[in-house]
>>> print(open('target30.cif').read())   # mmCIF, N, CA and C atoms
data_coords
#
loop_
_atom_site.label_atom_id
_atom_site.label_comp_id
_atom_site.auth_asym_id
_atom_site.auth_seq_id
_atom_site.Cartn_x
_atom_site.Cartn_y
_atom_site.Cartn_z
N MET U 1 69.94 98.35 101.85
CA MET U 1 70.53 98.89 100.63
C MET U 1 69.53 98.76 99.50
N SER U 2 69.31 99.82 98.77
CA SER U 2 68.33 99.78 97.70
C SER U 2 68.88 99.00 96.51
N ASP U 3 67.95 98.61 95.65
CA ASP U 3 68.33 97.83 94.47
C ASP U 3 69.24 98.63 93.55
N SER U 4 69.00 99.95 93.43
CA SER U 4 69.84 100.75 92.54
C SER U 4 71.26 100.84 93.05
N ASN U 5 71.45 100.93 94.39
CA ASN U 5 72.80 100.95 94.95
C ASN U 5 73.49 99.62 94.74
N THR U 6 72.76 98.54 94.92
CA THR U 6 73.33 97.21 94.73
C THR U 6 73.75 97.04 93.27
N ARG U 7 72.89 97.47 92.36
CA ARG U 7 73.19 97.34 90.94
C ARG U 7 74.44 98.14 90.58
N GLY U 8 74.59 99.36 91.10
CA GLY U 8 75.77 100.17 90.82
C GLY U 8 77.04 99.51 91.32
N THR U 9 76.96 98.90 92.50
CA THR U 9 78.12 98.21 93.05
C THR U 9 78.49 97.01 92.18
N ARG U 10 77.48 96.24 91.80
CA ARG U 10 77.75 95.08 90.95
C ARG U 10 78.36 95.49 89.62
N GLU U 11 77.82 96.55 89.03
CA GLU U 11 78.33 97.00 87.73
C GLU U 11 79.78 97.42 87.83
N SER U 12 80.15 98.13 88.90
CA SER U 12 81.54 98.57 89.03
C SER U 12 82.47 97.38 89.22
N VAL U 13 82.00 96.35 89.94
CA VAL U 13 82.82 95.14 90.11
C VAL U 13 83.02 94.46 88.77
N TYR U 14 81.94 94.36 87.98
CA TYR U 14 82.05 93.71 86.68
C TYR U 14 82.95 94.49 85.74
N LEU U 15 82.87 95.82 85.79
CA LEU U 15 83.73 96.62 84.93
C LEU U 15 85.19 96.42 85.29
N THR U 16 85.48 96.35 86.59
CA THR U 16 86.85 96.13 87.04
C THR U 16 87.34 94.75 86.61
N GLU U 17 86.46 93.75 86.77
CA GLU U 17 86.86 92.38 86.45
C GLU U 17 86.99 92.16 84.95
N SER U 18 86.30 92.97 84.13
CA SER U 18 86.33 92.74 82.69
C SER U 18 87.61 93.30 82.05
N LYS U 19 88.32 94.15 82.78
CA LYS U 19 89.58 94.67 82.23
C LYS U 19 90.61 93.56 82.20
N PRO U 20 91.39 93.49 81.12
CA PRO U 20 92.46 92.50 81.12
C PRO U 20 93.51 92.89 82.16
N PRO U 21 94.14 91.91 82.80
CA PRO U 21 95.13 92.24 83.82
C PRO U 21 96.31 92.99 83.20
N MET U 22 96.85 93.91 83.98
CA MET U 22 98.00 94.69 83.50
C MET U 22 99.26 93.85 83.61
N ASN U 23 100.18 94.08 82.70
CA ASN U 23 101.47 93.42 82.83
C ASN U 23 102.34 94.24 83.80
N LYS U 24 103.49 93.75 84.10
CA LYS U 24 104.36 94.38 85.10
C LYS U 24 104.73 95.81 84.71
N ARG U 25 105.07 96.04 83.46
CA ARG U 25 105.44 97.38 82.99
C ARG U 25 104.27 98.35 83.15
N GLN U 26 103.06 97.91 82.79
CA GLN U 26 101.88 98.77 82.92
C GLN U 26 101.60 99.09 84.39
N LEU U 27 101.75 98.11 85.26
CA LEU U 27 101.54 98.34 86.70
C LEU U 27 102.53 99.38 87.23
N ILE U 28 103.79 99.24 86.85
CA ILE U 28 104.82 100.18 87.30
C ILE U 28 104.52 101.58 86.79
N ASP U 29 104.14 101.69 85.53
CA ASP U 29 103.82 103.01 84.96
C ASP U 29 102.63 103.64 85.68
N GLU U 30 101.63 102.84 85.98
CA GLU U 30 100.44 103.35 86.67
C GLU U 30 100.77 103.76 88.12
N ILE U 31 101.59 102.98 88.79
CA ILE U 31 102.01 103.31 90.16
C ILE U 31 102.75 104.64 90.17
N ARG U 32 103.58 104.86 89.17
CA ARG U 32 104.37 106.09 89.11
C ARG U 32 103.51 107.32 88.82
N GLN U 33 102.27 107.12 88.37
CA GLN U 33 101.34 108.24 88.23
C GLN U 33 100.93 108.75 89.61
N PHE U 34 100.88 107.85 90.59
CA PHE U 34 100.50 108.21 91.96
C PHE U 34 101.72 108.54 92.82
N ASN U 35 102.78 107.78 92.66
CA ASN U 35 103.98 107.95 93.48
C ASN U 35 105.15 108.24 92.54
N THR U 36 105.39 109.52 92.32
CA THR U 36 106.42 109.92 91.35
C THR U 36 107.84 109.76 91.89
N SER U 37 107.97 109.57 93.19
CA SER U 37 109.32 109.46 93.76
C SER U 37 109.89 108.04 93.72
N VAL U 38 109.04 107.07 93.46
CA VAL U 38 109.52 105.69 93.45
C VAL U 38 110.23 105.39 92.12
N ARG U 39 111.34 104.69 92.23
CA ARG U 39 112.12 104.37 91.03
C ARG U 39 111.61 103.08 90.39
N PRO U 40 111.54 103.05 89.07
CA PRO U 40 111.08 101.85 88.38
C PRO U 40 111.93 100.61 88.73
N GLN U 41 113.22 100.81 88.95
CA GLN U 41 114.10 99.69 89.28
C GLN U 41 113.70 99.06 90.62
N PHE U 42 113.26 99.91 91.55
CA PHE U 42 112.81 99.39 92.85
C PHE U 42 111.53 98.58 92.68
N LEU U 43 110.58 99.12 91.93
CA LEU U 43 109.31 98.43 91.74
C LEU U 43 109.49 97.12 90.96
N ALA U 44 110.45 97.08 90.08
CA ALA U 44 110.69 95.88 89.26
C ALA U 44 111.08 94.67 90.09
N GLN U 45 111.49 94.87 91.33
CA GLN U 45 111.86 93.76 92.21
C GLN U 45 110.65 92.94 92.66
N PHE U 46 109.45 93.53 92.55
CA PHE U 46 108.24 92.88 93.06
C PHE U 46 107.50 92.16 91.95
N ASP U 47 106.74 91.13 92.33
CA ASP U 47 105.96 90.41 91.33
C ASP U 47 104.67 91.19 91.00
N GLU U 48 103.97 90.75 89.98
CA GLU U 48 102.79 91.45 89.49
C GLU U 48 101.69 91.53 90.54
N ASP U 49 101.51 90.47 91.32
CA ASP U 49 100.47 90.48 92.36
C ASP U 49 100.76 91.55 93.41
N ALA U 50 102.01 91.67 93.83
CA ALA U 50 102.37 92.69 94.84
C ALA U 50 102.21 94.09 94.26
N LEU U 51 102.60 94.29 93.01
CA LEU U 51 102.45 95.59 92.37
C LEU U 51 100.97 95.96 92.23
N ALA U 52 100.15 94.99 91.86
CA ALA U 52 98.71 95.24 91.71
C ALA U 52 98.09 95.60 93.07
N GLN U 53 98.53 94.94 94.11
CA GLN U 53 98.03 95.23 95.45
C GLN U 53 98.43 96.65 95.87
N TYR U 54 99.67 97.04 95.60
CA TYR U 54 100.15 98.38 95.93
C TYR U 54 99.38 99.44 95.13
N LEU U 55 99.18 99.19 93.85
CA LEU U 55 98.42 100.12 93.01
C LEU U 55 97.00 100.27 93.54
N ASN U 56 96.38 99.18 93.91
CA ASN U 56 95.03 99.23 94.46
C ASN U 56 95.01 100.07 95.73
N SER U 57 96.02 99.94 96.57
CA SER U 57 96.13 100.72 97.79
C SER U 57 96.26 102.21 97.49
N LEU U 58 97.08 102.55 96.50
CA LEU U 58 97.24 103.95 96.11
C LEU U 58 95.94 104.54 95.56
N GLN U 59 95.25 103.77 94.74
CA GLN U 59 93.98 104.23 94.17
C GLN U 59 92.93 104.42 95.26
N SER U 60 92.90 103.51 96.20
CA SER U 60 91.96 103.60 97.31
C SER U 60 92.25 104.83 98.16
N ALA U 61 93.51 105.09 98.42
CA ALA U 61 93.88 106.25 99.21
C ALA U 61 93.49 107.54 98.50
N GLN U 62 93.63 107.57 97.20
CA GLN U 62 93.26 108.78 96.46
C GLN U 62 91.76 109.02 96.52
N ARG U 63 90.96 107.97 96.46
CA ARG U 63 89.52 108.12 96.54
C ARG U 63 89.08 108.64 97.91
N LYS U 64 89.88 108.38 98.94
CA LYS U 64 89.52 108.77 100.30
C LYS U 64 89.99 110.17 100.67
N THR U 65 90.73 110.83 99.81
CA THR U 65 91.24 112.15 100.16
C THR U 65 90.10 113.15 100.29
N VAL U 66 90.26 114.05 101.20
CA VAL U 66 89.24 115.06 101.46
C VAL U 66 89.59 116.29 100.63
N LYS U 67 88.62 116.77 99.92
CA LYS U 67 88.81 117.97 99.10
C LYS U 67 88.51 119.18 99.98
N MET U 68 89.51 120.01 100.15
CA MET U 68 89.35 121.22 100.95
C MET U 68 89.31 122.43 100.02
N PRO U 69 88.48 123.41 100.35
CA PRO U 69 88.49 124.61 99.52
C PRO U 69 89.84 125.31 99.62
N VAL U 70 90.23 125.95 98.54
CA VAL U 70 91.52 126.62 98.51
C VAL U 70 91.52 127.82 99.46
N TRP U 71 90.40 128.50 99.51
CA TRP U 71 90.32 129.69 100.34
C TRP U 71 89.25 129.46 101.40
N VAL U 72 89.62 129.68 102.66
CA VAL U 72 88.69 129.53 103.78
C VAL U 72 88.54 130.90 104.43
N ARG U 73 87.31 131.35 104.53
CA ARG U 73 87.06 132.66 105.13
C ARG U 73 87.43 132.63 106.60
N GLN U 74 88.23 133.57 107.01
CA GLN U 74 88.63 133.68 108.41
C GLN U 74 87.54 134.40 109.19
N GLN U 75 87.20 133.86 110.33
CA GLN U 75 86.22 134.50 111.21
C GLN U 75 86.91 135.66 111.94
N PRO U 76 86.20 136.76 112.14
CA PRO U 76 86.83 137.87 112.85
C PRO U 76 87.14 137.46 114.30
N LYS U 77 88.26 137.90 114.78
CA LYS U 77 88.64 137.59 116.15
C LYS U 77 87.87 138.51 117.09
N LEU U 78 87.20 137.93 118.04
CA LEU U 78 86.45 138.71 119.00
C LEU U 78 87.38 139.15 120.11
N ARG U 79 87.26 140.41 120.49
CA ARG U 79 88.10 140.94 121.56
C ARG U 79 87.22 141.46 122.68
N MET U 80 87.70 141.25 123.87
CA MET U 80 86.97 141.73 125.02
C MET U 80 87.20 143.22 125.19
N VAL U 81 86.13 143.94 125.36
CA VAL U 81 86.21 145.39 125.55
C VAL U 81 85.92 145.66 127.03
N SER U 82 86.78 146.46 127.65
CA SER U 82 86.54 146.75 129.07
C SER U 82 86.05 148.16 129.29
#
>>> encode(input="target30.cif", output="structure tokens")
Amino acid sequence: MSDSNTRGTRESVYLTESKPPMNKRQLIDEIRQFNTSVRPQFLAQFDEDALAQYLNSLQSAQRKTVKMPVWVRQQPKLRMVS
């Protein structure tokens, strides 16, 4: 791993760690940005650590999504001629 890649990784970790921790209401609001079907009353049953873990999972899943082009050119169907 090159030094520039290592530095970028370290910087992103420090930026994440320098943010003040979110309170329960902020975590629930942020989770609902990703999962609009979940009810706030349901999420309120969990502690802040569990909500933060779930939010992290949602954010990670979003980063892993594959971007597909909206329009894909169809290849012509080849037909056998006799």
>>> residues_around(input="target30.cif", residues="stretch 39-48 of chain U", least_positions_apart="5", cutoff="8 Å", atoms="all atoms listed in the file", output="NGL selection string")
:U and (22-25 or 27-29 or 32 or 53-54)
>>> residues_around(input="target30.cif", residues="stretch 58-60 of chain U", least_positions_apart="5", cutoff="8 Å", atoms="all atoms listed in the file", output="list in words")
Ile31, Phe34, Asn35, Ala52, Gln53 and Thr65 of chain U
>>> write_last_selection(input="target30.cif", atoms="N, CA and C atoms", output="mmCIF file, in the frame of the given file")
data_model
loop_
_atom_site.group_PDB
_atom_site.id
_atom_site.type_symbol
_atom_site.label_atom_id
_atom_site.label_comp_id
_atom_site.auth_asym_id
_atom_site.auth_seq_id
_atom_site.Cartn_x
_atom_site.Cartn_y
_atom_site.Cartn_z
ATOM 1 N N ILE U 31 101.590 102.980 88.790
ATOM 2 C CA ILE U 31 102.010 103.310 90.160
ATOM 3 C C ILE U 31 102.750 104.640 90.170
ATOM 4 N N PHE U 34 100.880 107.850 90.590
ATOM 5 C CA PHE U 34 100.500 108.210 91.960
ATOM 6 C C PHE U 34 101.720 108.540 92.820
ATOM 7 N N ASN U 35 102.780 107.780 92.660
ATOM 8 C CA ASN U 35 103.980 107.950 93.480
ATOM 9 C C ASN U 35 105.150 108.240 92.540
ATOM 10 N N ALA U 52 100.150 94.990 91.860
ATOM 11 C CA ALA U 52 98.710 95.240 91.710
ATOM 12 C C ALA U 52 98.090 95.600 93.070
ATOM 13 N N GLN U 53 98.530 94.940 94.110
ATOM 14 C CA GLN U 53 98.030 95.230 95.450
ATOM 15 C C GLN U 53 98.430 96.650 95.870
ATOM 16 N N THR U 65 90.730 110.830 99.810
ATOM 17 C CA THR U 65 91.240 112.150 100.160
ATOM 18 C C THR U 65 90.100 113.150 100.290
#
>>> axis_aligned_box(input="target30.cif", around="stretch 36-53 of chain U", padding_each_side="8 Å", output="lines of an AutoDock Vina configuration file")
center_x = 106.1
center_y = 100.2
center_z = 92.1
size_x = 32.1
size_y = 35.5
size_z = 23.5
>>> atom_distance(input="target30.cif", atom1="atom CA of U:Asn56", atom2="atom CA of U:Glu30")
10.3 Å
>>> atom_distance(input="target30.cif", atom1="atom CA of U:Gln62", atom2="atom CA of U:Gln33")
11.5 Å
>>> atom_distance(input="target30.cif", atom1="atom C of U:Ala50", atom2="atom C of U:Gln26")
11.1 Å
